[in-house]
Every structure is written in C-alpha cells, then in structure tokens.
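The file final.cif contains mmCIF, C-alpha atoms:
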```cif
data_input
#
loop_
_atom_site.label_atom_id
_atom_site.label_comp_id
_atom_site.auth_asym_id
_atom_site.auth_seq_id
_atom_site.Cartn_x
_atom_site.Cartn_y
_atom_site.Cartn_z
CA MET Y 1 -1.77 25.55 9.19
CA GLN Y 2 -5.03 23.75 8.60
CA VAL Y 3 -6.27 20.46 10.07
CA ARG Y 4 -9.57 18.85 9.11
CA VAL Y 5 -11.13 15.63 10.37
CA GLN Y 6 -14.27 14.72 8.45
CA ASP Y 7 -16.52 11.82 7.46
CA THR Y 8 -17.26 13.23 4.01
CA PRO Y 9 -15.01 12.76 0.95
CA PHE Y 10 -12.64 15.55 -0.08
CA ASP Y 11 -11.67 16.66 -3.57
CA PHE Y 12 -7.91 16.12 -3.68
CA GLY Y 13 -7.38 18.23 -6.83
CA ALA Y 14 -9.38 21.16 -5.55
CA GLU Y 15 -7.69 21.00 -2.13
CA ALA Y 16 -4.22 20.83 -3.68
CA ASN Y 17 -4.94 23.76 -6.01
CA ARG Y 18 -6.40 25.91 -3.25
CA PHE Y 19 -3.45 25.08 -0.99
CA ALA Y 20 -0.88 25.89 -3.68
CA ALA Y 21 -2.64 29.16 -4.57
CA GLY Y 22 -2.65 30.25 -0.92
CA ALA Y 23 0.94 29.26 -0.11
CA GLY Y 24 2.42 32.72 -0.57
CA GLY Y 25 6.13 32.80 -1.40
CA ALA Y 26 6.49 29.04 -1.62
CA GLY Y 27 8.65 27.64 -4.38
CA ALA Y 28 7.67 24.08 -3.55
CA VAL Y 29 4.39 22.34 -2.73
CA VAL Y 30 4.39 18.64 -1.85
CA THR Y 31 1.19 16.61 -1.49
CA PHE Y 32 0.55 13.05 -0.40
CA THR Y 33 -2.74 11.17 -0.53
CA GLY Y 34 -3.49 7.88 1.22
CA VAL Y 35 -5.87 5.54 -0.60
CA VAL Y 36 -7.79 2.60 0.92
CA ARG Y 37 -5.95 -0.51 -0.15
CA ASP Y 38 -7.69 -3.87 -0.38
CA ALA Y 39 -5.24 -5.83 1.77
CA ALA Y 40 -7.41 -8.96 1.54
CA ALA Y 41 -7.15 -9.00 -2.29
CA GLY Y 42 -10.74 -8.47 -3.38
CA ALA Y 43 -12.34 -9.70 -0.17
CA MET Y 44 -12.55 -6.39 1.66
CA THR Y 45 -15.75 -4.44 1.11
CA VAL Y 46 -15.49 -1.70 3.72
CA MET Y 47 -12.78 -0.05 5.77
CA GLU Y 48 -14.18 1.50 8.91
CA ILE Y 49 -12.11 4.24 10.51
CA GLU Y 50 -12.77 5.08 14.13
CA HIS Y 51 -11.23 8.08 15.84
CA TYR Y 52 -11.18 9.94 19.15
CA PRO Y 53 -13.05 13.21 18.58
CA GLY Y 54 -11.25 16.04 20.31
CA MET Y 55 -7.94 14.26 20.77
CA THR Y 56 -7.63 13.63 17.02
CA GLU Y 57 -7.80 17.32 16.14
CA LYS Y 58 -5.44 18.19 19.00
CA ALA Y 59 -2.89 15.53 18.01
CA LEU Y 60 -2.93 16.58 14.34
CA GLN Y 61 -2.50 20.25 15.32
CA GLN Y 62 0.47 19.30 17.51
CA ILE Y 63 2.08 17.23 14.76
CA ALA Y 64 1.61 20.03 12.22
CA ALA Y 65 2.99 22.59 14.69
CA GLN Y 66 6.06 20.40 15.28
CA ALA Y 67 6.65 20.21 11.52
CA CYS Y 68 6.35 24.01 11.25
CA ALA Y 69 8.83 24.45 14.09
CA ARG Y 70 11.33 22.12 12.45
CA TRP Y 71 11.18 23.24 8.82
CA GLU Y 72 10.59 26.65 7.32
CA LEU Y 73 7.14 26.03 5.92
CA THR Y 74 4.86 28.68 4.53
CA ASP Y 75 1.81 26.44 5.14
CA THR Y 76 0.64 22.91 5.95
CA LEU Y 77 -2.64 21.08 5.41
CA VAL Y 78 -3.83 17.79 6.90
CA ILE Y 79 -7.18 16.22 6.02
CA HIS Y 80 -8.15 12.82 7.48
CA ARG Y 81 -11.44 11.01 7.02
CA TYR Y 82 -13.26 8.69 9.39
CA GLY Y 83 -16.30 6.46 9.00
CA ARG Y 84 -16.98 3.85 6.31
CA LEU Y 85 -14.72 3.90 3.25
CA GLN Y 86 -14.32 1.55 0.32
CA PRO Y 87 -11.22 0.31 -1.52
CA GLY Y 88 -9.97 3.09 -3.80
CA ASP Y 89 -11.36 5.88 -1.59
CA GLN Y 90 -8.98 8.59 -0.47
CA ILE Y 91 -8.51 8.38 3.32
CA MET Y 92 -6.31 11.35 3.96
CA MET Y 93 -3.97 13.91 2.47
CA VAL Y 94 -1.16 16.13 3.63
CA ALA Y 95 0.28 19.14 1.84
CA THR Y 96 3.33 21.18 2.73
CA ALA Y 97 4.61 24.40 1.18
CA ALA Y 98 8.10 25.81 1.57
CA ARG Y 99 10.56 28.03 -0.28
CA HIS Y 100 12.58 24.98 -1.29
CA ARG Y 101 11.59 21.41 -2.05
CA VAL Y 102 13.77 19.58 0.50
CA ALA Y 103 11.89 21.14 3.42
CA ALA Y 104 8.52 20.45 1.77
CA PHE Y 105 9.36 16.77 1.08
CA GLU Y 106 10.85 16.13 4.51
CA ALA Y 107 8.02 17.84 6.36
CA ALA Y 108 5.43 15.82 4.39
CA GLU Y 109 7.18 12.57 5.36
CA TYR Y 110 7.42 13.69 8.97
CA LEU Y 111 3.70 14.50 9.03
CA MET Y 112 2.89 11.07 7.58
CA ASP Y 113 5.17 9.19 9.98
CA TYR Y 114 3.69 10.88 13.04
CA LEU Y 115 0.14 10.77 11.79
CA LYS Y 116 0.33 6.97 11.39
CA SER Y 117 1.39 6.26 14.97
CA ARG Y 118 0.41 9.31 17.04
CA ALA Y 119 -3.00 10.39 15.76
CA PRO Y 120 -5.85 8.42 17.36
CA PHE Y 121 -7.33 6.61 14.35
CA TRP Y 122 -8.05 2.89 14.15
CA LYS Y 123 -8.83 0.96 10.98
CA LYS Y 124 -11.11 -2.05 10.75
CA GLU Y 125 -11.37 -4.18 7.61
CA ILE Y 126 -14.79 -5.65 6.92
CA LEU Y 127 -14.72 -8.56 4.50
CA ALA Y 128 -17.37 -9.71 2.04
CA ASP Y 129 -18.25 -12.68 4.25
CA GLY Y 130 -18.98 -10.35 7.14
CA ALA Y 131 -15.78 -11.07 9.07
CA ALA Y 132 -14.10 -8.01 10.54
CA ASP Y 133 -10.51 -7.43 11.63
CA TRP Y 134 -8.85 -4.49 13.33
CA VAL Y 135 -5.71 -3.55 11.45
CA ALA Y 136 -2.70 -4.13 13.70
CA ALA Y 137 -0.12 -1.39 14.08
CA LYS Y 138 3.14 -2.18 12.31
CA GLU Y 139 6.41 -2.10 14.20
CA ALA Y 140 7.98 -0.47 11.14
CA ASP Y 141 5.61 2.50 11.55
CA GLU Y 142 6.74 3.01 15.15
CA ASP Y 143 10.38 2.54 14.13
CA ALA Y 144 9.95 5.19 11.41
CA LEU Y 145 9.67 7.85 14.14
CA THR Y 146 13.21 7.22 15.34
CA ARG Y 147 14.68 8.76 12.19
CA TRP Y 148 13.33 12.16 13.23
CA MET I 1 -13.88 10.69 35.81
CA ASP I 2 -14.94 9.65 32.32
CA VAL I 3 -13.30 6.53 30.96
CA LEU I 4 -13.40 6.03 27.18
CA TYR I 5 -12.65 2.93 25.14
CA PHE I 6 -11.85 2.72 21.44
CA ALA I 7 -11.53 0.06 18.72
CA TRP I 8 -11.25 -3.54 20.03
CA VAL I 9 -10.98 -2.32 23.62
CA ARG I 10 -14.46 -0.81 23.22
CA GLU I 11 -15.74 -4.02 21.63
CA ARG I 12 -14.33 -6.28 24.36
CA ILE I 13 -15.68 -4.17 27.20
CA GLY I 14 -18.96 -3.58 25.38
CA LEU I 15 -19.30 0.17 25.82
CA PRO I 16 -17.64 3.31 24.47
CA LYS I 17 -17.67 5.41 27.64
CA GLU I 18 -18.53 5.24 31.32
CA ARG I 19 -18.34 7.32 34.44
CA VAL I 20 -16.00 5.77 37.02
CA GLU I 21 -15.71 6.78 40.66
CA THR I 22 -12.26 5.73 41.81
CA THR I 23 -9.61 6.36 44.41
CA ALA I 24 -6.89 4.98 42.13
CA VAL I 25 -3.74 7.09 42.22
CA THR I 26 -2.27 5.92 38.92
CA VAL I 27 -3.51 4.56 35.60
CA ALA I 28 -2.18 1.11 36.59
CA GLU I 29 -4.30 1.15 39.78
CA LEU I 30 -7.37 2.14 37.79
CA ILE I 31 -6.75 -0.79 35.45
CA GLU I 32 -6.50 -3.14 38.46
CA GLU I 33 -9.87 -1.91 39.71
CA LEU I 34 -11.48 -2.35 36.30
CA VAL I 35 -10.00 -5.83 35.77
CA ALA I 36 -11.41 -6.94 39.14
CA ARG I 37 -14.95 -6.09 37.95
CA ASP I 38 -15.46 -8.90 35.45
CA ASP I 39 -14.11 -10.98 32.58
CA ARG I 40 -14.79 -8.38 29.89
CA TYR I 41 -12.38 -5.94 31.50
CA ALA I 42 -9.89 -8.72 32.24
CA ALA I 43 -9.95 -9.66 28.54
CA ALA I 44 -9.51 -6.06 27.39
CA PHE I 45 -6.59 -5.38 29.73
CA ALA I 46 -4.91 -8.81 29.49
CA ASP I 47 -1.89 -7.50 27.57
CA LEU I 48 -0.90 -3.95 28.44
CA SER I 49 1.83 -3.94 25.79
CA ALA I 50 -1.02 -3.95 23.24
CA LEU I 51 -2.67 -0.92 24.84
CA ARG I 52 -2.15 2.82 24.94
CA VAL I 53 -3.61 5.34 27.39
CA ALA I 54 -4.42 9.02 27.05
CA LEU I 55 -5.09 11.37 29.97
CA ASP I 56 -7.19 14.39 29.06
CA GLN I 57 -6.47 13.62 25.39
CA GLU I 58 -2.67 13.45 25.72
CA LEU I 59 -0.76 10.15 25.44
CA ALA I 60 0.56 9.00 28.82
CA GLU I 61 2.30 6.09 30.56
CA PHE I 62 0.60 3.48 32.74
CA ASP I 63 2.35 4.73 35.88
CA ALA I 64 1.09 8.29 35.31
CA PRO I 65 -0.83 9.91 38.20
CA LEU I 66 -4.59 10.49 37.86
CA LEU I 67 -4.72 13.56 40.10
CA GLY I 68 -6.83 16.23 38.40
CA VAL I 69 -7.51 14.07 35.33
CA ARG I 70 -11.07 14.27 33.97
CA GLU I 71 -10.87 11.94 30.98
CA VAL I 72 -8.99 8.66 30.63
CA ALA I 73 -9.00 6.77 27.31
CA PHE I 74 -7.78 3.25 26.56
CA PHE I 75 -7.13 2.07 23.01
CA PRO I 76 -4.85 -0.10 20.86
CA PRO I 77 -1.81 1.34 19.07
CA MET I 78 -3.03 3.83 16.49
CA THR I 79 -3.30 3.03 12.79
CA GLY I 80 -3.87 6.32 11.00
CA GLY I 81 -2.73 7.41 7.58
#
```
Could you write out this structure as structure tokens?
Amino acid sequence: MQVRVQDTPFDFGAEANRFAAGAGGAGAVVTFTGVVRDAAAGAMTVMEIEHYPGMTEKALQQIAAQACARWELTDTLVIHRYGRLQPGDQIMMVATAARHRVAAFEAAEYLMDYLKSRAPFWKKEILADGAADWVAAKEADEDALTRW
Amino acid sequence: MDVLYFAWVRERIGLPKERVETTAVTVAELIEELVARDDRYAAAFADLSALRVALDQELAEFDAPLLGVREVAFFPPMTGG
C-alpha cells in the first residue's frame, strides 16, 4: 500500500509499470488517472489545489486500508498532486492489483469515490481574466459513497 | 489550541492558522466565540452546512467535544480527485 502527496508531476506510465511489476500474484491491475479539465471551456489557465498536510496523507492511508480490508488486493497505489496545475495535467492516479479483475475494478472505484469527498483537497479555478472560483463539492459525489 | 483554515474559509478569515485560547467545550461553542470577534469570522461561519471540521486531523461533528484536542481545522466540503 503506497500513498504519495506531491507538488511535482508523476509519470503515469512508469508508475503503472512499476506497480504492475511489483504486484506479486495479481492477475488483474486496474489504473485510473484524473486529468485537469477546463470546465470554463478555454478560459481556465490554472487549477490550484490546496490540501491539509498531515491529514491528507492520513486520510488517504485510511481510505486505502479500508479498500484492502474489503477486497483481496495484493497492492494499492494512490498519488495525488497539489499546487498549480494546468488543463491537461494529470492530477492524481490510483492503481489496484488483485487476483481477479472484479475486486481490482471495484476497489479502484471505491478509492476514487472516497478520495473525492473524504480526502482534504480543495480545487480553485483561475481564469484568464484573473477571476478565481473555488470548485463546489457535488452532491452526486457525496451520494456516491452510499453505494458502498 | 491551533485553529487552521483552508480554501475559502482561509480567504474570508484572512489567515491560514492561529493560536486560540478558549474555554469552549464543543466545536459549536468555539465557532460562537470566533464569530463574536468580527465580521470576517461571521462571514466565514455564516452557513455551517457549507463547512466541515476536523479535530486532530479526523473529520468530526460540530457538537463534538474539544477536550484534549490540539488542532481544529475548518474547511469547505472537499473536492479531491
């Protein structure tokens, strides 16, 4: 189980390959990558991600541990960036490894659902004209937790 | 105790962190004390349904006791991922 919170970019391909190579006995590896979307259709220049150092790492560890308790996973990886990102940049990734694909898929979705609403990150969109807006949490993201 | 603010809560109050001496028994009482200070706090805490609180880096409820707590953090609902 690995959790990393960093301001620097990560190499998704290299991370996925290293994870798959180290996931001993796994027959299935699932990865998901979140990419900065330009919600303002061309107007957004920067997405600033703030987080709560200390609590962030703890919350991600807890979420990953819950996934490991619920599914038979051989390994999990969570990487989440903070700081200033641009549209097209990769914000975060999760990877799960299991003997069979159902567990790997479900655990990856579980990690994503919890990470969106229970890990202390906040996104701010900075537009070309200098205006800035905090991204509001979506009710659908909170509702997504009820399925688990 | 240390009180931390994040995202727009930090911006409204105008600082990321402060040391607060308080006799408040619960989070709600601490909020009442802060709101009484000035308009910046009143603006930040105007709608508690838009706020979350963590005690020593664990999510908590507003009626949670502060006994033994060293770090309180206020922030909007999280938007990770």
Segment 78-93 of chain Y surroundings by only C-alpha atoms, 6 Å radius, close-in-sequence under 5 positions cut, as an mmCIF file with C-alpha atoms, keeping the file's coordinate frame:
```cif
data_model
loop_
_atom_site.group_PDB
_atom_site.id
_atom_site.type_symbol
_atom_site.label_atom_id
_atom_site.label_comp_id
_atom_site.auth_asym_id
_atom_site.auth_seq_id
_atom_site.Cartn_x
_atom_site.Cartn_y
_atom_site.Cartn_z
ATOM 1 C CA VAL Y 3 -6.270 20.460 10.070
ATOM 2 C CA ARG Y 4 -9.570 18.850 9.110
ATOM 3 C CA VAL Y 5 -11.130 15.630 10.370
ATOM 4 C CA GLN Y 6 -14.270 14.720 8.450
ATOM 5 C CA ASP Y 7 -16.520 11.820 7.460
ATOM 6 C CA PHE Y 32 0.550 13.050 -0.400
ATOM 7 C CA THR Y 33 -2.740 11.170 -0.530
ATOM 8 C CA GLY Y 34 -3.490 7.880 1.220
ATOM 9 C CA VAL Y 35 -5.870 5.540 -0.600
ATOM 10 C CA VAL Y 36 -7.790 2.600 0.920
ATOM 11 C CA ARG Y 37 -5.950 -0.510 -0.150
ATOM 12 C CA ASP Y 38 -7.690 -3.870 -0.380
ATOM 13 C CA VAL Y 46 -15.490 -1.700 3.720
ATOM 14 C CA MET Y 47 -12.780 -0.050 5.770
ATOM 15 C CA GLU Y 48 -14.180 1.500 8.910
ATOM 16 C CA ILE Y 49 -12.110 4.240 10.510
ATOM 17 C CA GLU Y 50 -12.770 5.080 14.130
#
```
Problem set entry | Selected residue of minimal separation from Val69 of chain I among I:Ala7, I:Leu15, I:Ala44, I:Val25, counting all atoms listed in the file |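 Of I:Ala7, I:Leu15, I:Ala44, I:Val25, the one nearest Val69 of chain I, counting all atoms listed in the file, is I:Val25.
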Exercise. Taking all atoms listed in the file into account, which residues of chain Y are within 7 Å of chain I, as a list of chain:residue names?
Worked result: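 Only these qualify: Y:Gly34, Y:Glu50, Y:Met55, Y:Met92, Y:Met112, Y:Leu115, Y:Lys116, Y:Ser117, Y:Arg118, Y:Ala119, Y:Pro120, Y:Phe121, Y:Trp122, Y:Lys123, Y:Ala137.
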Create the file for the chosen residues now, containing C-alpha atoms and written as a CSV table (one decimal), keeping the file's coordinate frame.
```csv
chain,number,residue,atom,x,y,z
Y,34,GLY,CA,-3.5,7.9,1.2
Y,50,GLU,CA,-12.8,5.1,14.1
Y,55,MET,CA,-7.9,14.3,20.8
Y,92,MET,CA,-6.3,11.4,4.0
Y,112,MET,CA,2.9,11.1,7.6
Y,115,LEU,CA,0.1,10.8,11.8
Y,116,LYS,CA,0.3,7.0,11.4
Y,117,SER,CA,1.4,6.3,15.0
Y,118,ARG,CA,0.4,9.3,17.0
Y,119,ALA,CA,-3.0,10.4,15.8
Y,120,PRO,CA,-5.8,8.4,17.4
Y,121,PHE,CA,-7.3,6.6,14.4
Y,122,TRP,CA,-8.0,2.9,14.2
Y,123,LYS,CA,-8.8,1.0,11.0
Y,137,ALA,CA,-0.1,-1.4,14.1
```
Exercise. Using all atoms listed in the file, which residues sit within 10 Å of His100 of chain Y once same-chain residues fewer than 6 positions away are excluded, as a list in words?
Worked result: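 The filter keeps Ala26, Gly27, Ala28, Val29, Glu72 and Leu73 of chain Y.
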Problem set entry | Exercise: Cys68 of chain Y partners within 12 Å, all atoms listed in the file, chain neighbours under 2 positions left out, as a list of chain:residue names |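 Those residues are Y:Met1, Y:Gln2, Y:Gln61, Y:Gln62, Y:Ile63, Y:Ala64, Y:Ala65, Y:Gln66, Y:Arg70, Y:Trp71, Y:Glu72, Y:Leu73, Y:Thr74, Y:Asp75, Y:Thr76, Y:Leu77, Y:Thr96, Y:Ala97, Y:Ala98, Y:Ala103, Y:Ala104, Y:Glu106, Y:Ala107, Y:Ala108, Y:Tyr110, Y:Leu111.
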Problem set entry | Separation of atom CA of Thr22 of chain I from atom CA of Leu67 of chain I, in Å and rounded to one decimal |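 Separating atom CA of Thr22 of chain I from atom CA of Leu67 of chain I is a distance of 11.0 Å.
A straight line drawn from atom CA of Glu21 of chain I to atom CA of Glu57 of chain Y is 27.8 Å long.
Interatomic distance, atom CA of Ala69 of chain Y against atom CA of Phe19 of chain Y: 19.5 Å.
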For this session: Using only C-alpha atoms, collect all residues at a distance of at most 7 Å from (-2.7, 4.5, 33.4) as written in the file, then present them as a ChimeraX atom specification.
Result: /I:26-28,30-31,53,61-64
Problem set entry | Polymer residues at most 7 Å from Asp2 of chain I, all atoms listed in the file, same-chain spacing of 5 or more positions, as a PyMOL selection string | chain I and resi 17-20+70-72
Go ahead and dump the residues you just picked, C-alpha atoms, as a PDB file, in the coordinates of the input.
```pdb
ATOM      1  CA  LYS I  17     -17.670   5.410  27.640  1.00  0.00           C
ATOM      2  CA  GLU I  18     -18.530   5.240  31.320  1.00  0.00           C
ATOM      3  CA  ARG I  19     -18.340   7.320  34.440  1.00  0.00           C
ATOM      4  CA  VAL I  20     -16.000   5.770  37.020  1.00  0.00           C
ATOM      5  CA  ARG I  70     -11.070  14.270  33.970  1.00  0.00           C
ATOM      6  CA  GLU I  71     -10.870  11.940  30.980  1.00  0.00           C
ATOM      7  CA  VAL I  72      -8.990   8.660  30.630  1.00  0.00           C
TER       8      VAL I  72
END
```
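The smallest atom-to-atom distance between Leu55 of chain I and any of I:Glu11, I:Glu29, I:Ala42, I:Val3, using all atoms listed in the file, is found for I:Val3.
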For segment 41-80 of chain I of the structure just presented, write N, CA and C atoms to a file, as a PDB file, in the first residue's frame.
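Generated output (out37.pdb):
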```
ATOM      1  N   TYR I  41     -14.953  36.556  10.626  1.00  0.00           N
ATOM      2  CA  TYR I  41     -15.325  35.247  11.160  1.00  0.00           C
ATOM      3  C   TYR I  41     -16.810  34.981  10.937  1.00  0.00           C
ATOM      4  N   ALA I  42     -17.626  36.039  11.148  1.00  0.00           N
ATOM      5  CA  ALA I  42     -19.071  35.881  10.953  1.00  0.00           C
ATOM      6  C   ALA I  42     -19.356  35.464   9.517  1.00  0.00           C
ATOM      7  N   ALA I  43     -18.614  36.051   8.563  1.00  0.00           N
ATOM      8  CA  ALA I  43     -18.814  35.719   7.142  1.00  0.00           C
ATOM      9  C   ALA I  43     -18.386  34.271   6.868  1.00  0.00           C
ATOM     10  N   ALA I  44     -17.271  33.862   7.457  1.00  0.00           N
ATOM     11  CA  ALA I  44     -16.755  32.519   7.201  1.00  0.00           C
ATOM     12  C   ALA I  44     -17.674  31.441   7.774  1.00  0.00           C
ATOM     13  N   PHE I  45     -18.291  31.748   8.930  1.00  0.00           N
ATOM     14  CA  PHE I  45     -19.093  30.729   9.613  1.00  0.00           C
ATOM     15  C   PHE I  45     -20.593  30.953   9.442  1.00  0.00           C
ATOM     16  N   ALA I  46     -20.986  31.764   8.451  1.00  0.00           N
ATOM     17  CA  ALA I  46     -22.397  32.125   8.276  1.00  0.00           C
ATOM     18  C   ALA I  46     -23.269  30.900   7.989  1.00  0.00           C
ATOM     19  N   ASP I  47     -22.740  29.957   7.225  1.00  0.00           N
ATOM     20  CA  ASP I  47     -23.547  28.786   6.854  1.00  0.00           C
ATOM     21  C   ASP I  47     -22.777  27.512   7.199  1.00  0.00           C
ATOM     22  N   LEU I  48     -23.117  26.941   8.342  1.00  0.00           N
ATOM     23  CA  LEU I  48     -22.364  25.760   8.802  1.00  0.00           C
ATOM     24  C   LEU I  48     -22.577  24.542   7.908  1.00  0.00           C
ATOM     25  N   SER I  49     -23.688  24.530   7.153  1.00  0.00           N
ATOM     26  CA  SER I  49     -23.914  23.381   6.274  1.00  0.00           C
ATOM     27  C   SER I  49     -22.873  23.354   5.147  1.00  0.00           C
ATOM     28  N   ALA I  50     -22.217  24.500   4.925  1.00  0.00           N
ATOM     29  CA  ALA I  50     -21.189  24.572   3.881  1.00  0.00           C
ATOM     30  C   ALA I  50     -19.791  24.355   4.460  1.00  0.00           C
ATOM     31  N   LEU I  51     -19.724  23.955   5.723  1.00  0.00           N
ATOM     32  CA  LEU I  51     -18.428  23.787   6.379  1.00  0.00           C
ATOM     33  C   LEU I  51     -18.238  22.380   6.924  1.00  0.00           C
ATOM     34  N   ARG I  52     -16.976  21.998   7.022  1.00  0.00           N
ATOM     35  CA  ARG I  52     -16.612  20.739   7.665  1.00  0.00           C
ATOM     36  C   ARG I  52     -15.577  21.070   8.737  1.00  0.00           C
ATOM     37  N   VAL I  53     -15.481  20.188   9.743  1.00  0.00           N
ATOM     38  CA  VAL I  53     -14.490  20.405  10.795  1.00  0.00           C
ATOM     39  C   VAL I  53     -13.703  19.118  11.011  1.00  0.00           C
ATOM     40  N   ALA I  54     -12.416  19.279  11.284  1.00  0.00           N
ATOM     41  CA  ALA I  54     -11.579  18.140  11.658  1.00  0.00           C
ATOM     42  C   ALA I  54     -10.941  18.437  13.010  1.00  0.00           C
ATOM     43  N   LEU I  55     -10.926  17.424  13.878  1.00  0.00           N
ATOM     44  CA  LEU I  55     -10.267  17.542  15.182  1.00  0.00           C
ATOM     45  C   LEU I  55      -9.054  16.621  15.166  1.00  0.00           C
ATOM     46  N   ASP I  56      -7.885  17.199  15.384  1.00  0.00           N
ATOM     47  CA  ASP I  56      -6.638  16.433  15.300  1.00  0.00           C
ATOM     48  C   ASP I  56      -6.603  15.588  14.027  1.00  0.00           C
ATOM     49  N   GLN I  57      -7.006  16.221  12.920  1.00  0.00           N
ATOM     50  CA  GLN I  57      -6.895  15.656  11.574  1.00  0.00           C
ATOM     51  C   GLN I  57      -7.859  14.500  11.292  1.00  0.00           C
ATOM     52  N   GLU I  58      -8.946  14.420  12.085  1.00  0.00           N
ATOM     53  CA  GLU I  58     -10.007  13.449  11.802  1.00  0.00           C
ATOM     54  C   GLU I  58     -11.311  14.232  11.654  1.00  0.00           C
ATOM     55  N   LEU I  59     -12.116  13.918  10.633  1.00  0.00           N
ATOM     56  CA  LEU I  59     -13.402  14.594  10.462  1.00  0.00           C
ATOM     57  C   LEU I  59     -14.264  14.404  11.710  1.00  0.00           C
ATOM     58  N   ALA I  60     -14.994  15.470  12.087  1.00  0.00           N
ATOM     59  CA  ALA I  60     -15.815  15.416  13.296  1.00  0.00           C
ATOM     60  C   ALA I  60     -17.114  16.181  13.068  1.00  0.00           C
ATOM     61  N   GLU I  61     -17.995  16.142  14.063  1.00  0.00           N
ATOM     62  CA  GLU I  61     -19.270  16.874  14.001  1.00  0.00           C
ATOM     63  C   GLU I  61     -19.121  18.173  14.799  1.00  0.00           C
ATOM     64  N   PHE I  62     -20.058  19.104  14.559  1.00  0.00           N
ATOM     65  CA  PHE I  62     -19.965  20.395  15.243  1.00  0.00           C
ATOM     66  C   PHE I  62     -20.281  20.309  16.742  1.00  0.00           C
ATOM     67  N   ASP I  63     -20.962  19.241  17.157  1.00  0.00           N
ATOM     68  CA  ASP I  63     -21.228  19.123  18.600  1.00  0.00           C
ATOM     69  C   ASP I  63     -20.147  18.299  19.319  1.00  0.00           C
ATOM     70  N   ALA I  64     -19.073  17.987  18.616  1.00  0.00           N
ATOM     71  CA  ALA I  64     -18.002  17.171  19.214  1.00  0.00           C
ATOM     72  C   ALA I  64     -17.282  17.950  20.316  1.00  0.00           C
ATOM     73  N   PRO I  65     -16.878  17.253  21.390  1.00  0.00           N
ATOM     74  CA  PRO I  65     -16.147  17.911  22.484  1.00  0.00           C
ATOM     75  C   PRO I  65     -14.713  18.250  22.095  1.00  0.00           C
ATOM     76  N   LEU I  66     -14.189  19.325  22.696  1.00  0.00           N
ATOM     77  CA  LEU I  66     -12.822  19.778  22.372  1.00  0.00           C
ATOM     78  C   LEU I  66     -11.794  19.308  23.404  1.00  0.00           C
ATOM     79  N   LEU I  67     -12.251  18.595  24.413  1.00  0.00           N
ATOM     80  CA  LEU I  67     -11.348  18.151  25.480  1.00  0.00           C
ATOM     81  C   LEU I  67     -10.169  17.362  24.904  1.00  0.00           C
ATOM     82  N   GLY I  68      -8.963  17.829  25.181  1.00  0.00           N
ATOM     83  CA  GLY I  68      -7.760  17.119  24.735  1.00  0.00           C
ATOM     84  C   GLY I  68      -7.375  17.376  23.289  1.00  0.00           C
ATOM     85  N   VAL I  69      -8.178  18.154  22.565  1.00  0.00           N
ATOM     86  CA  VAL I  69      -7.893  18.401  21.141  1.00  0.00           C
ATOM     87  C   VAL I  69      -6.800  19.465  21.008  1.00  0.00           C
ATOM     88  N   ARG I  70      -5.826  19.214  20.146  1.00  0.00           N
ATOM     89  CA  ARG I  70      -4.735  20.175  19.950  1.00  0.00           C
ATOM     90  C   ARG I  70      -4.888  20.976  18.672  1.00  0.00           C
ATOM     91  N   GLU I  71      -5.574  20.382  17.674  1.00  0.00           N
ATOM     92  CA  GLU I  71      -5.664  21.036  16.365  1.00  0.00           C
ATOM     93  C   GLU I  71      -7.084  20.944  15.823  1.00  0.00           C
ATOM     94  N   VAL I  72      -7.672  22.113  15.563  1.00  0.00           N
ATOM     95  CA  VAL I  72      -9.014  22.169  14.970  1.00  0.00           C
ATOM     96  C   VAL I  72      -8.867  22.766  13.583  1.00  0.00           C
ATOM     97  N   ALA I  73      -9.517  22.197  12.588  1.00  0.00           N
ATOM     98  CA  ALA I  73      -9.441  22.757  11.228  1.00  0.00           C
ATOM     99  C   ALA I  73     -10.840  22.942  10.670  1.00  0.00           C
ATOM    100  N   PHE I  74     -11.062  24.100  10.042  1.00  0.00           N
ATOM    101  CA  PHE I  74     -12.340  24.382   9.384  1.00  0.00           C
ATOM    102  C   PHE I  74     -12.104  24.524   7.890  1.00  0.00           C
ATOM    103  N   PHE I  75     -12.975  23.914   7.088  1.00  0.00           N
ATOM    104  CA  PHE I  75     -12.811  23.975   5.629  1.00  0.00           C
ATOM    105  C   PHE I  75     -14.124  23.636   4.942  1.00  0.00           C
ATOM    106  N   PRO I  76     -14.230  23.973   3.638  1.00  0.00           N
ATOM    107  CA  PRO I  76     -15.423  23.600   2.888  1.00  0.00           C
ATOM    108  C   PRO I  76     -15.414  22.107   2.553  1.00  0.00           C
ATOM    109  N   PRO I  77     -16.540  21.577   2.069  1.00  0.00           N
ATOM    110  CA  PRO I  77     -16.542  20.184   1.619  1.00  0.00           C
ATOM    111  C   PRO I  77     -15.398  19.944   0.635  1.00  0.00           C
ATOM    112  N   MET I  78     -14.801  18.779   0.731  1.00  0.00           N
ATOM    113  CA  MET I  78     -13.569  18.503  -0.019  1.00  0.00           C
ATOM    114  C   MET I  78     -13.852  18.209  -1.491  1.00  0.00           C
ATOM    115  N   THR I  79     -12.893  18.572  -2.317  1.00  0.00           N
ATOM    116  CA  THR I  79     -13.068  18.366  -3.769  1.00  0.00           C
ATOM    117  C   THR I  79     -11.799  17.755  -4.363  1.00  0.00           C
ATOM    118  N   GLY I  80     -11.468  16.562  -3.887  1.00  0.00           N
ATOM    119  CA  GLY I  80     -10.284  15.879  -4.418  1.00  0.00           C
ATOM    120  C   GLY I  80     -10.592  15.130  -5.705  1.00  0.00           C
TER     121      GLY I  80
END
```
